[in-house]
Amino acid sequence: MAEILDETDLQILKTLQKNAKLTTKELADAVHLTPTPVFERQKRLEKKGYIKKYVAILDPEKLNQGLLVFCKVKLTQINHEIADAFVRRIQRIPEVTECYNTSGAYDYLLKVRARDMKQYQEFVLTKLGDIDHVGAIESTFVMSEVKQNYGINI
């Protein structure tokens, strides 16, 4: 059972979602506390798993990875062994930035970053095409990103 967080804990989480680079003093000022209790609360939230990690969000266009593709994958057969093998392979492919096991017509939804269409084609042919039991692939190419929010609504 998850513990209930108080308003200060929630405010710390909301503030860090907007800018995880804040110093403890800056975070304390934002939530109207002194640095010591904010530091202790932040460490507790990390230890209990509310804060998984801190990351820098990079600009894919500036890093020549501007093509964003959502790739649906249907396996020809599925059981624990096949699903585990697929997931292990996907985790080693750097172009796949996110992977979700889904219900419906497809088994997995991949978020893929590539330089251009040619690199994506190469990814499909040499990386996805080399995985056993991949039966069908459907690609959706993103024309523009309308909303991008890395946080969750709390």
# chains A, B, ... in the order shown; residues from 1 in each chain; ligands from 1
>>> select_by_dssp(residues="range 29-142 of chain A", states="alpha helix (DSSP H)", output="PyMOL selection string")
chain A and resi 29-31+35-47+80-91+117-122
>>> residues_around(residues="range 31-37 of chain A", least_positions_apart="4", cutoff="7 Å", atoms="only C-alpha atoms", output="ChimeraX atom specification")
/A:8,11-12,24-25,27,41
>>> residues_around(residues="Phe123 in chain A", least_positions_apart="5", cutoff="12 Å", atoms="only C-alpha atoms", output="PyMOL selection string")
chain A and resi 69+71+90+93-96+112-118+128-131+139
>>> select_by_dssp(residues="range 19-93 of chain A", states="strand (DSSP E)", output="PyMOL selection string")
chain A and resi 67-75
>>> closest_residue(among="A:Lys72, A:Arg92, A:Lys47, A:Lys127", to="Thr140 in chain A", atoms="only C-alpha atoms")
A:Lys72
>>> closest_residue(among="A:Ile57, A:Thr102, A:Phe39, A:Asp9", to="Asn149 in chain A", atoms="only C-alpha atoms")
A:Ile57
>>> residues_around(residues="range 43-45 of chain A", least_positions_apart="5", cutoff="9 Å", atoms="only C-alpha atoms", output="ChimeraX atom specification")
/A:9,13,38,50-51
>>> atom_distance(atom1="CA of Tyr106 in chain A", atom2="CA of Gln119 in chain A")
23.3 Å
>>> atom_distance(atom1="CA of Ala20 in chain A", atom2="CA of Lys53 in chain A")
9.5 Å
>>> residues_around(residues="Asn19 in chain A", least_positions_apart="2", cutoff="12 Å", atoms="only C-alpha atoms", output="PyMOL selection string")
chain A and resi 12-17+21-24+26-27+30+54-57+150-151
>>> atom_distance(atom1="CA of Val134 in chain A", atom2="CA of Thr97 in chain A")
18.7 Å
